[in-house]
Each structure stands twice: as structure tokens, then as C-alpha cells.
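coords.cif, holding mmCIF, C-alpha atoms:
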data_target
#
loop_
_atom_site.label_atom_id
_atom_site.label_comp_id
_atom_site.auth_asym_id
_atom_site.auth_seq_id
_atom_site.Cartn_x
_atom_site.Cartn_y
_atom_site.Cartn_z
CA MET I 1 94.60 137.06 103.35
CA LYS I 2 91.83 139.43 104.37
CA ALA I 3 89.09 140.44 101.97
CA MET I 4 85.85 142.39 101.97
CA GLN I 5 83.43 139.80 100.61
CA ILE I 6 79.78 139.61 99.64
CA VAL I 7 78.33 137.01 102.01
CA SER I 8 74.62 137.69 101.32
CA PHE I 9 72.61 139.61 98.75
CA ASP I 10 71.49 142.25 101.25
CA GLY I 11 73.18 145.20 99.58
CA PRO I 12 76.05 146.89 101.43
CA ALA I 13 74.91 145.17 104.65
CA GLY I 14 75.88 141.87 103.03
CA LEU I 15 79.58 142.84 102.85
CA ARG I 16 81.91 141.36 105.49
CA TYR I 17 85.66 141.79 106.08
CA GLN I 18 87.02 138.32 106.78
CA ASP I 19 89.70 135.74 106.08
CA ALA I 20 89.72 134.30 102.58
CA PRO I 21 92.11 132.09 100.60
CA ALA I 22 94.63 134.05 98.54
CA PRO I 23 94.11 133.35 94.82
CA GLU I 24 96.96 131.90 92.78
CA PRO I 25 97.64 132.98 89.19
CA GLY I 26 96.81 130.48 86.46
CA PRO I 27 98.43 130.37 83.03
CA GLY I 28 98.50 133.84 81.48
CA GLN I 29 97.61 135.55 84.77
CA ILE I 30 99.32 137.83 87.28
CA ALA I 31 98.69 137.90 91.03
CA VAL I 32 98.86 141.37 92.59
CA ASP I 33 99.32 142.45 96.20
CA VAL I 34 96.61 145.10 96.22
CA ASP I 35 97.32 148.51 97.71
CA TYR I 36 94.28 150.42 96.39
CA ALA I 37 90.98 149.46 94.78
CA GLY I 38 88.32 151.59 93.09
CA VAL I 39 84.66 151.47 94.13
CA GLY I 40 82.17 151.13 91.28
CA TYR I 41 78.40 151.32 91.04
CA VAL I 42 78.24 147.78 89.72
CA GLU I 43 79.58 146.47 93.03
CA ALA I 44 76.43 147.76 94.71
CA LEU I 45 74.39 145.82 92.15
CA PHE I 46 76.46 142.69 92.74
CA ALA I 47 75.81 143.03 96.47
CA GLU I 48 72.07 143.10 95.75
CA GLY I 49 72.18 139.90 93.68
CA PHE I 50 71.89 141.57 90.28
CA VAL I 51 73.81 138.64 88.78
CA PRO I 52 74.12 135.09 90.17
CA LEU I 53 77.32 134.64 92.17
CA ASP I 54 78.65 131.84 94.34
CA LEU I 55 79.05 133.29 97.82
CA PRO I 56 81.20 134.36 99.49
CA TRP I 57 82.58 136.40 96.58
CA THR I 58 85.17 139.15 96.55
CA PRO I 59 84.19 142.18 94.41
CA GLY I 60 86.53 144.81 93.02
CA LEU I 61 87.22 145.48 89.34
CA GLU I 62 90.26 147.79 89.42
CA VAL I 63 93.40 147.97 91.52
CA THR I 64 96.91 149.25 91.89
CA GLY I 65 99.55 147.27 93.70
CA ARG I 66 102.67 145.16 93.30
CA VAL I 67 103.26 141.98 91.32
CA ARG I 68 103.09 139.05 93.72
CA ALA I 69 103.45 136.11 91.35
CA LEU I 70 103.43 135.34 87.63
CA GLY I 71 101.41 132.56 86.05
CA GLU I 72 102.79 130.17 83.48
CA GLY I 73 103.74 131.88 80.23
CA VAL I 74 103.77 135.43 81.58
CA GLY I 75 106.79 137.61 80.90
CA GLY I 76 107.68 141.28 80.99
CA TYR I 77 107.11 141.69 84.73
CA ARG I 78 109.05 140.91 87.89
CA VAL I 79 107.81 140.29 91.40
CA GLY I 80 107.51 143.65 93.13
CA ASP I 81 106.77 145.71 90.01
CA THR I 82 104.13 148.37 90.65
CA VAL I 83 101.16 147.90 88.33
CA VAL I 84 97.64 148.97 87.47
CA ALA I 85 95.23 146.09 86.86
CA LEU I 86 91.72 145.53 85.59
CA THR I 87 90.42 142.61 87.66
CA ILE I 88 87.04 142.66 85.95
CA THR I 89 86.98 139.09 84.66
CA GLY I 90 86.84 137.58 88.16
CA GLY I 91 86.66 140.44 90.63
CA GLY I 92 88.90 140.32 93.67
CA GLY I 93 90.07 143.90 94.14
CA TYR I 94 88.50 144.09 97.60
CA GLY I 95 90.95 141.41 98.72
CA GLN I 96 94.59 141.83 99.72
CA VAL I 97 95.51 139.67 96.73
CA ALA I 98 93.80 139.78 93.33
CA VAL I 99 94.43 137.98 90.04
CA ALA I 100 94.14 139.50 86.56
CA GLN I 101 94.77 138.40 83.01
CA ALA I 102 98.26 139.53 82.03
CA GLU I 103 96.84 141.54 79.11
CA LEU I 104 94.78 143.54 81.62
CA VAL I 105 97.80 144.63 83.66
CA THR I 106 100.01 147.61 82.86
CA PRO I 107 102.99 149.21 84.63
CA LEU I 108 102.29 152.19 86.86
CA PRO I 109 103.91 155.17 85.11
CA ALA I 110 106.59 157.03 87.05
CA GLY I 111 105.09 159.96 88.91
CA LEU I 112 101.47 158.78 88.72
CA ASP I 113 99.84 158.56 92.16
CA PRO I 114 98.74 154.93 92.71
CA VAL I 115 95.59 156.18 94.45
CA LEU I 116 94.61 158.14 91.37
CA ALA I 117 95.61 155.26 89.09
CA ALA I 118 93.25 152.90 90.92
CA ALA I 119 90.35 155.02 89.62
CA VAL I 120 91.34 154.58 85.97
CA PRO I 121 90.90 150.96 84.80
CA ALA I 122 87.11 150.49 84.75
CA ASN I 123 85.63 153.85 83.76
CA SER I 124 88.37 155.39 81.63
CA THR I 125 88.88 152.15 79.72
CA THR I 126 85.13 151.76 79.22
CA ALA I 127 84.91 155.27 77.78
CA LEU I 128 87.73 154.66 75.31
CA VAL I 129 86.55 151.25 74.12
CA ALA I 130 82.85 152.14 74.00
CA LEU I 131 83.25 155.41 72.10
CA GLU I 132 86.09 154.45 69.77
CA GLU I 133 85.62 150.73 69.12
CA ILE I 134 81.87 150.25 69.59
CA ALA I 135 80.15 153.55 68.73
CA HIS I 136 82.91 154.50 66.24
CA LEU I 137 82.65 158.14 67.27
CA ARG I 138 83.83 160.39 64.45
CA ARG I 139 85.40 163.81 64.64
CA GLY I 140 82.78 166.57 64.62
CA GLU I 141 79.94 164.42 65.98
CA SER I 142 77.77 165.42 68.95
CA VAL I 143 77.48 163.36 72.13
CA LEU I 144 75.01 163.21 75.05
CA VAL I 145 75.99 161.46 78.28
CA HIS I 146 73.58 160.41 81.04
CA ALA I 147 74.78 160.45 84.68
CA ALA I 148 77.50 162.80 83.47
CA ALA I 149 78.83 163.68 86.93
CA GLY I 150 79.40 160.07 87.97
CA GLY I 151 82.59 158.05 87.69
CA LEU I 152 81.84 156.79 84.18
CA GLY I 153 80.12 159.98 83.02
CA SER I 154 83.11 162.09 84.00
CA GLN I 155 85.25 160.01 81.66
CA MET I 156 82.80 159.71 78.76
CA GLY I 157 82.62 163.45 78.23
CA GLN I 158 86.38 163.94 78.32
CA VAL I 159 87.10 161.00 76.03
CA ALA I 160 84.45 162.17 73.56
CA ARG I 161 86.25 165.50 73.42
CA LEU I 162 89.65 163.83 72.98
CA LEU I 163 88.23 161.85 70.06
CA GLY I 164 87.05 165.04 68.37
CA ALA I 165 83.40 165.47 69.38
CA SER I 166 82.22 168.97 68.52
CA ARG I 167 79.51 169.15 71.17
CA VAL I 168 79.25 167.22 74.44
CA VAL I 169 76.16 167.55 76.67
CA GLY I 170 75.83 166.00 80.13
CA VAL I 171 72.61 164.93 81.82
CA THR I 172 71.93 164.58 85.55
CA ARG I 173 68.94 164.02 87.80
CA SER I 174 70.31 166.48 90.35
CA GLU I 175 70.24 170.27 90.03
CA ALA I 176 73.19 170.37 92.44
CA LYS I 177 75.39 168.46 89.98
CA ARG I 178 74.90 170.73 86.97
CA GLN I 179 77.87 172.95 87.77
CA GLU I 180 80.03 169.90 88.39
CA ILE I 181 79.17 168.67 84.91
CA LEU I 182 80.19 171.99 83.38
CA ASP I 183 83.42 171.91 85.40
CA LEU I 184 84.18 168.53 83.77
CA GLY I 185 84.26 170.24 80.40
CA TYR I 186 80.77 169.55 79.11
CA ASP I 187 79.31 172.26 76.89
CA GLU I 188 75.89 172.07 78.55
CA ALA I 189 74.31 170.39 81.58
CA TRP I 190 70.71 169.23 81.33
CA LEU I 191 68.30 167.78 83.87
CA THR I 192 66.76 164.40 83.12
CA GLU I 193 63.30 165.81 83.78
CA ASP I 194 63.76 168.36 80.98
CA LEU I 195 64.59 165.83 78.25
CA ALA I 196 60.95 165.59 77.17
CA ASP I 197 61.00 169.25 76.13
CA VAL I 198 64.24 169.43 74.15
CA GLU I 199 64.43 169.38 70.37
CA PRO I 200 64.72 165.85 68.92
CA ALA I 201 67.39 164.51 66.56
CA GLN I 202 70.33 166.48 68.00
CA PHE I 203 72.94 163.81 68.73
CA ASP I 204 75.05 161.25 66.93
CA VAL I 205 76.00 159.21 70.01
CA ILE I 206 74.21 158.93 73.37
CA ALA I 207 75.83 157.07 76.27
CA ASP I 208 73.37 155.71 78.83
CA PRO I 209 74.48 153.81 81.94
CA VAL I 210 71.21 154.62 83.75
CA ALA I 211 68.29 152.99 81.84
CA GLY I 212 64.66 153.67 82.79
CA PRO I 213 62.22 155.82 80.77
CA SER I 214 64.92 158.28 79.71
CA ARG I 215 66.41 155.53 77.56
CA LEU I 216 63.41 155.67 75.22
CA ARG I 217 63.59 159.45 75.12
CA SER I 218 67.23 159.13 74.14
CA LEU I 219 66.21 157.37 70.95
CA ASP I 220 64.17 160.44 69.98
CA LEU I 221 67.25 162.60 70.44
CA LEU I 222 69.33 160.63 67.92
CA ARG I 223 69.90 161.85 64.40
CA THR I 224 69.72 159.48 61.45
CA GLY I 225 72.76 157.25 61.77
CA GLY I 226 72.88 157.86 65.53
CA ARG I 227 73.94 155.23 68.05
CA LEU I 228 72.61 154.70 71.58
CA LEU I 229 75.28 153.10 73.77
CA VAL I 230 73.69 151.02 76.54
CA LEU I 231 76.29 150.93 79.31
CA GLY I 232 74.40 149.86 82.42
CA ASP I 233 71.20 149.68 84.44
CA ALA I 234 71.88 151.99 87.36
CA SER I 235 68.25 152.99 87.84
CA GLN I 236 67.09 149.37 88.23
CA GLU I 237 63.72 150.49 86.84
CA GLU I 238 61.50 148.39 84.59
CA ASP I 239 63.23 147.44 81.36
CA GLN I 240 62.20 149.48 78.31
CA ARG I 241 60.87 147.89 75.12
CA VAL I 242 62.21 149.21 71.82
CA SER I 243 60.58 148.69 68.44
CA THR I 244 63.20 147.29 66.07
CA THR I 245 61.03 148.43 63.15
CA SER I 246 61.32 152.02 64.39
CA LEU I 247 65.10 151.63 64.50
CA TRP I 248 65.03 150.53 60.86
CA LEU I 249 62.71 153.32 59.73
CA ARG I 250 64.72 156.03 61.47
CA GLY I 251 68.12 154.58 60.65
CA ILE I 252 69.39 154.52 64.24
CA GLY I 253 70.95 151.82 66.38
CA VAL I 254 71.15 150.52 69.95
CA ILE I 255 74.44 148.90 71.00
CA GLY I 256 75.13 147.27 74.35
CA PHE I 257 78.63 147.41 75.79
CA ASN I 258 79.86 145.49 78.84
CA LEU I 259 83.54 145.85 79.69
CA GLY I 260 83.63 142.54 81.54
CA ALA I 261 82.24 140.63 78.56
CA PHE I 262 84.70 142.25 76.16
CA SER I 263 87.59 141.66 78.56
CA ARG I 264 86.86 137.93 78.51
CA VAL I 265 86.69 137.57 74.73
CA ASP I 266 89.32 140.13 73.69
CA PRO I 267 91.59 141.00 76.63
CA ALA I 268 94.30 142.22 74.24
CA LEU I 269 92.03 144.94 72.81
CA VAL I 270 90.80 146.00 76.23
CA GLY I 271 94.36 145.92 77.55
CA ARG I 272 95.55 148.29 74.83
CA HIS I 273 92.92 150.80 75.85
CA LEU I 274 93.70 150.28 79.54
CA ARG I 275 97.33 151.21 78.87
CA ARG I 276 96.22 154.17 76.80
CA ALA I 277 93.89 155.36 79.58
CA VAL I 278 96.65 155.16 82.19
CA GLU I 279 99.05 157.01 79.88
CA LEU I 280 96.48 159.75 79.21
CA VAL I 281 95.94 160.28 82.93
CA ALA I 282 99.68 160.27 83.60
CA ALA I 283 100.17 162.88 80.86
CA GLY I 284 97.42 165.10 82.25
CA GLU I 285 95.29 164.74 79.11
CA LEU I 286 92.52 162.90 80.96
CA SER I 287 91.38 163.95 84.42
CA VAL I 288 90.20 161.47 87.05
CA HIS I 289 88.63 162.86 90.21
CA VAL I 290 89.10 160.91 93.44
CA THR I 291 86.69 162.32 96.00
CA ASP I 292 87.60 160.12 98.97
CA GLN I 293 90.03 157.46 100.17
CA VAL I 294 88.87 155.14 102.96
CA PRO I 295 90.13 151.92 104.60
CA ILE I 296 88.93 148.67 103.04
CA GLN I 297 87.07 147.98 106.29
CA ASP I 298 84.75 150.89 105.37
CA ALA I 299 83.87 149.44 101.95
CA ALA I 300 80.22 148.87 102.89
CA GLN I 301 79.70 152.56 103.61
CA ALA I 302 81.51 153.51 100.41
CA VAL I 303 79.37 151.15 98.32
CA ALA I 304 76.22 152.49 99.97
CA ALA I 305 77.24 156.07 99.16
CA VAL I 306 77.84 155.20 95.50
CA ARG I 307 74.54 153.31 95.33
CA SER I 308 72.67 156.34 96.67
CA GLY I 309 73.77 158.44 93.71
CA SER I 310 75.02 161.19 95.99
CA THR I 311 78.68 160.86 95.04
CA THR I 312 80.71 162.28 92.17
CA GLY I 313 84.03 160.99 90.90
CA LYS I 314 85.56 157.92 92.58
CA ILE I 315 86.03 156.52 96.07
CA ILE I 316 89.22 154.52 96.61
CA LEU I 317 89.68 151.75 99.17
CA ALA I 318 93.07 151.36 100.86
CA HIS I 319 94.39 147.93 101.85
CA VAL I 320 96.90 147.21 104.59
CA GLN I 321 99.13 144.25 103.75
CA ASP I 322 100.08 141.86 106.52
#

Could you show the structure in this file as C-alpha cells?
Amino acid sequence: MKAMQIVSFDGPAGLRYQDAPAPEPGPGQIAVDVDYAGVGYVEALFAEGFVPLDLPWTPGLEVTGRVRALGEGVGGYRVGDTVVALTITGGGGYGQVAVAQAELVTPLPAGLDPVLAAAVPANSTTALVALEEIAHLRRGESVLVHAAAGGLGSQMGQVARLLGASRVVGVTRSEAKRQEILDLGYDEAWLTEDLADVEPAQFDVIADPVAGPSRLRSLDLLRTGGRLLVLGDASQEEDQRVSTTSLWLRGIGVIGFNLGAFSRVDPALVGRHLRRAVELVAAGELSVHVTDQVPIQDAAQAVAAVRSGSTTGKIILAHVQD
């Protein structure tokens, strides 16, 4: 098969489209002929060596395609079925063939565009699991979301509203993105640079995939009983130190959530939320914005664009099967 692989940790320049062995499904797994794959910010970090990987390695955490083969013990699917899959436990979506745990695969609903569906598994599922299962968001609570116009941020705000949040505020570093945040349904759109001047203790849950100094300021914005969801390190700035004694005295908490880690230890739970996310999008209750669709051969440019922070919504890569 052909795959866009990371061959060196030189950022997008380290991606190369080349021949690679097609993976075979193991017990409890499904192999998928990939038609479309979503581009995520984390792939840019992988390409920079953010985590140790044996190279060459095929990135790609979310796909739509057709069942190619079933591993031992897998039922409920037939070869050729169209599916949506979260390939987060081993990557592979940038290849013509990817393998996923069977629990992390769900049928493509009738009428749902497979291009749109390819943008659902990572961000929409993260939003559902993080807010409902980890932060235990309750009806009537208030939520602040950093990087609110990005792929994950666009889903966090909508899911918070679906779960009953009474106030949802989005934060961005770009003045140009404030209107986009409001268009996503946020009540207010704030600039990161203005956080130092806002009233403290306003929010019950804050979702932060960015990190950097604003993470510490987020703690000030939590009410007693508030939870800071740490969802990423997009800024790649110096890590912030938090006093655990201050957390105790103020009665607030910091909770890390990593979809890949949870998918490995509890794929059934993550899979339930994946199916729910796909169903919500198919029903029009959750909106996913695909801003561009490009050939897989242009993945390096797409990853570079996402890494720059200039994009909103999702970019989808299109495969051509031999």
C-alpha cells in the first residue's frame, strides 16, 4: 500500500508518501480500506518528535472507509461495510489501510457524508468523554474553552451546550477568529491577552488544549469545585507549575485527559461515545466544519497549516485506492 509516513522528526518536512506494508488485523481488530482521514494538531507534534516513535511511522487518528478484513473474534461487520473508525491506539489513517480496535469502529449512518464523518472521531469523541465522563459537567454550569475556533474547540462548546451548560465562553489568540467563535454558538468570545483583566471565579469547567501561561490564569477563573481539563500542549511553551496546596485551599481540581490513553484501557467506553458522536452529527445536533479536502499527497502542507494555528475546523485527506 501507499502511506504518508513520518520518516524524520523535522516537522511537516519529515513526512513522505511512500510504499509501506499493509497492516493485518489482530484479534479483536478490524482492517479498513481508508477513503478519508482527518488531520489533527497532534500529528504536527508527532512529526516534531513530541513523543518517541519508531520510524517510519504512519500517523492518522480518524478515518472513514470500508471494512477490509476482520480479526479473530470480531463479529457484526462484513467485508465492504462502510465505517467510521478511531485509529488512535496505533495511528495509521494516513495509509491506504489502517487497523482499529473493533470497539472503536462504528457503521457510517445512511446519508452521512463520509468526508464529514472523517472529522468526527477524534475531536467530537474527546469532547463527549472529557466533559461527561471526566469533568462530570452538570446542567447549569458555566464553561470556558481555550482555542475555541479550532477543531477540538468547535466541538467542546457545542457538546457543553448539549450537556446543559448555561454559559459557554470561547477564548482565542486571534482577533480575526472571534466572530467564528460566536458563529459556533459560544455566548462570548474572549482574547487570550485579556484574561488577566477578567473577573476571577466565573467558571465551573475550563477546557485547555493549549497550555502555556494562560493555564495558570485559568485556575484563577475557576469557582470553588471547578475543574480544569488539561487536553493538550499546543503552545509547546514551558510547562507550568501548579501548587497542589493552592488546589486544596481553593477546592479546585486539575484533570488530564488523553483520548489515546483512555482508548487503550477502556475502548468500550470510548467506542460508545464515538458512536454517539457520529449519531449526533448525522442527526444534525452536532455540527462539524470541514474547511478543506486535499489529496493525501498534500498531507505535509495540511499538517503545516494546522500547526501554524491559522486554520479553523478540520482538513480532510483523501486517499486513492489501488

*How many Å lie between CA of Thr125 in chain I and CA of His273 in chain I, rounded to one decimal?*
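Straight-line distance from CA of Thr125 in chain I to CA of His273 in chain I works out to 5.8 Å.
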
Result set of the PyMOL selection byres ((chain I and resi 119) around 10) on the coordinates above, as a PDB file with C-alpha atoms, in the coordinates of the input:
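Output saved as part-v8.pdb:
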ATOM      1  CA  TYR I  36      94.280 150.420  96.390  1.00  0.00           C
ATOM      2  CA  ALA I  37      90.980 149.460  94.780  1.00  0.00           C
ATOM      3  CA  GLY I  38      88.320 151.590  93.090  1.00  0.00           C
ATOM      4  CA  VAL I  39      84.660 151.470  94.130  1.00  0.00           C
ATOM      5  CA  GLY I  40      82.170 151.130  91.280  1.00  0.00           C
ATOM      6  CA  GLU I  62      90.260 147.790  89.420  1.00  0.00           C
ATOM      7  CA  VAL I  63      93.400 147.970  91.520  1.00  0.00           C
ATOM      8  CA  THR I  64      96.910 149.250  91.890  1.00  0.00           C
ATOM      9  CA  VAL I  84      97.640 148.970  87.470  1.00  0.00           C
ATOM     10  CA  PRO I 114      98.740 154.930  92.710  1.00  0.00           C
ATOM     11  CA  VAL I 115      95.590 156.180  94.450  1.00  0.00           C
ATOM     12  CA  LEU I 116      94.610 158.140  91.370  1.00  0.00           C
ATOM     13  CA  ALA I 117      95.610 155.260  89.090  1.00  0.00           C
ATOM     14  CA  ALA I 118      93.250 152.900  90.920  1.00  0.00           C
ATOM     15  CA  VAL I 120      91.340 154.580  85.970  1.00  0.00           C
ATOM     16  CA  PRO I 121      90.900 150.960  84.800  1.00  0.00           C
ATOM     17  CA  ALA I 122      87.110 150.490  84.750  1.00  0.00           C
ATOM     18  CA  ASN I 123      85.630 153.850  83.760  1.00  0.00           C
ATOM     19  CA  SER I 124      88.370 155.390  81.630  1.00  0.00           C
ATOM     20  CA  GLY I 151      82.590 158.050  87.690  1.00  0.00           C
ATOM     21  CA  VAL I 278      96.650 155.160  82.190  1.00  0.00           C
ATOM     22  CA  VAL I 288      90.200 161.470  87.050  1.00  0.00           C
ATOM     23  CA  HIS I 289      88.630 162.860  90.210  1.00  0.00           C
ATOM     24  CA  VAL I 290      89.100 160.910  93.440  1.00  0.00           C
ATOM     25  CA  GLY I 313      84.030 160.990  90.900  1.00  0.00           C
ATOM     26  CA  LYS I 314      85.560 157.920  92.580  1.00  0.00           C
ATOM     27  CA  ILE I 315      86.030 156.520  96.070  1.00  0.00           C
ATOM     28  CA  ILE I 316      89.220 154.520  96.610  1.00  0.00           C
TER      29      ILE I 316
END

*Pick the closest to Leu152 in chain I from I:Gln179, I:Ser8, I:Thr126, I:Ser263: which is it, counting all atoms listed in the file?*
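When distances to Leu152 in chain I are compared using all atoms listed in the file, the smallest one comes from I:Thr126.
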
*With distances taken over all atoms listed in the file, which of I:Ile181, I:Ala211, I:Leu137, I:Ala44 is nearest to Ala304 in chain I?*
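For Ala304 in chain I, the nearest of the candidates is I:Ala44.
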
Closest contacts (range 198-303 of chain I/range 182-193 of chain I, max 12 Å, all atoms listed in the file) as a Markdown table:
| residue | atom | partner | partner_atom | distance |
| --- | --- | --- | --- | --- |
| I:Val198 | CA | I:Trp190 | CA | 9.7 |
| I:Asp208 | CA | I:Thr192 | CA | 11.7 |
| I:Val210 | CA | I:Thr192 | CA | 10.8 |
| I:Ala211 | CA | I:Thr192 | CA | 11.6 |
| I:Gly212 | CA | I:Thr192 | CA | 10.9 |
| I:Pro213 | CA | I:Thr192 | CA | 10.0 |
| I:Ser214 | CA | I:Thr192 | CA | 7.2 |
| I:Arg215 | CA | I:Thr192 | CA | 10.5 |
| I:Arg217 | CA | I:Thr192 | CA | 9.9 |
| I:Ser218 | CA | I:Thr192 | CA | 10.4 |
| I:Leu286 | CA | I:Leu184 | CA | 10.4 |
| I:Ser287 | CA | I:Leu184 | CA | 8.6 |
| I:Val288 | CA | I:Leu184 | CA | 9.8 |
| I:His289 | CA | I:Leu184 | CA | 9.7 |

Please evaluate the PyMOL selection byres ((chain I and resi 27) around 12) against the displayed coordinates and give the resulting residues as a PDB file with C-alpha atoms, in the frame of the given file.
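File selection-v7.pdb, as written:
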ATOM      1  CA  GLU I  24      96.960 131.900  92.780  1.00  0.00           C
ATOM      2  CA  PRO I  25      97.640 132.980  89.190  1.00  0.00           C
ATOM      3  CA  GLY I  26      96.810 130.480  86.460  1.00  0.00           C
ATOM      4  CA  GLY I  28      98.500 133.840  81.480  1.00  0.00           C
ATOM      5  CA  GLN I  29      97.610 135.550  84.770  1.00  0.00           C
ATOM      6  CA  ILE I  30      99.320 137.830  87.280  1.00  0.00           C
ATOM      7  CA  ALA I  31      98.690 137.900  91.030  1.00  0.00           C
ATOM      8  CA  ALA I  69     103.450 136.110  91.350  1.00  0.00           C
ATOM      9  CA  LEU I  70     103.430 135.340  87.630  1.00  0.00           C
ATOM     10  CA  GLY I  71     101.410 132.560  86.050  1.00  0.00           C
ATOM     11  CA  GLU I  72     102.790 130.170  83.480  1.00  0.00           C
ATOM     12  CA  GLY I  73     103.740 131.880  80.230  1.00  0.00           C
ATOM     13  CA  VAL I  74     103.770 135.430  81.580  1.00  0.00           C
ATOM     14  CA  GLY I  75     106.790 137.610  80.900  1.00  0.00           C
ATOM     15  CA  VAL I  99      94.430 137.980  90.040  1.00  0.00           C
ATOM     16  CA  ALA I 100      94.140 139.500  86.560  1.00  0.00           C
ATOM     17  CA  GLN I 101      94.770 138.400  83.010  1.00  0.00           C
ATOM     18  CA  ALA I 102      98.260 139.530  82.030  1.00  0.00           C
ATOM     19  CA  GLU I 103      96.840 141.540  79.110  1.00  0.00           C
TER      20      GLU I 103
END

*Take the PyMOL selection byres ((chain I and resi 41) around 12), apply it to the structure above, and return the hits as a ChimeraX atom specification.*
/I:11-12,38-40,42-48,50,59-61,122-123,147,150-153,209-210,231-236,302-315

_Nearby residues (only C-alpha atoms) at most 10 Å from Ser166 in chain I, same-chain spacing under 5 positions excluded, as a PyMOL selection string_ = chain I and resi 138-143+160-161+187

_Could you tell me how far CA of Met1 in chain I sits from CA of Arg68 in chain I, in Å to one decimal place?_
13.0 Å

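Here CA of Gly76 in chain I stands at a distance of 18.6 Å from CA of Ala98 in chain I.
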
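Using only C-alpha atoms, the shortest contact distance between Pro56 in chain I and any of I:Asp35, I:Asp197, I:Asp81, I:Asp19 is found at I:Asp19.
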
*Smallest atom-to-atom distance to Ala318 in chain I: which of I:Val230, I:Ala3, I:Leu112, I:Ala176, using all atoms listed in the file?*
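Among the listed residues, the smallest separation from Ala318 in chain I belongs to I:Ala3.
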
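Checking I:Val105, I:Leu128, I:Ala20, I:Ile134 one by one against Leu162 in chain I, counting all atoms listed in the file, you find the shortest gap at I:Leu128.
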
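Look at everything within 9 Å of (84.1, 136.9, 86.2) using only C-alpha atoms, and the residues you get are Thr87, Ile88, Thr89, Gly90, Gly91, Gly260, Ala261 and Arg264 of chain I.
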
Writing out the chosen residues with C-alpha atoms as an mmCIF file, keeping the file's coordinate frame:
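Result file follows (part26.cif):
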data_model
loop_
_atom_site.group_PDB
_atom_site.id
_atom_site.type_symbol
_atom_site.label_atom_id
_atom_site.label_comp_id
_atom_site.auth_asym_id
_atom_site.auth_seq_id
_atom_site.Cartn_x
_atom_site.Cartn_y
_atom_site.Cartn_z
ATOM 1 C CA THR I 87 90.420 142.610 87.660
ATOM 2 C CA ILE I 88 87.040 142.660 85.950
ATOM 3 C CA THR I 89 86.980 139.090 84.660
ATOM 4 C CA GLY I 90 86.840 137.580 88.160
ATOM 5 C CA GLY I 91 86.660 140.440 90.630
ATOM 6 C CA GLY I 260 83.630 142.540 81.540
ATOM 7 C CA ALA I 261 82.240 140.630 78.560
ATOM 8 C CA ARG I 264 86.860 137.930 78.510
#

*Residue among I:Gly271, I:Gly284, I:Pro295, I:Pro200 lying closest to Gly111 in chain I, counting all atoms listed in the file*: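 Closest to Gly111 in chain I, using all atoms listed in the file: I:Gly284.
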
*Using only C-alpha atoms, which residues sit within 9 Å of range 247-256 of chain I once same-chain residues fewer than 4 positions away are excluded, as a ChimeraX atom specification?*
/I:134-135,219,222-232,242-243
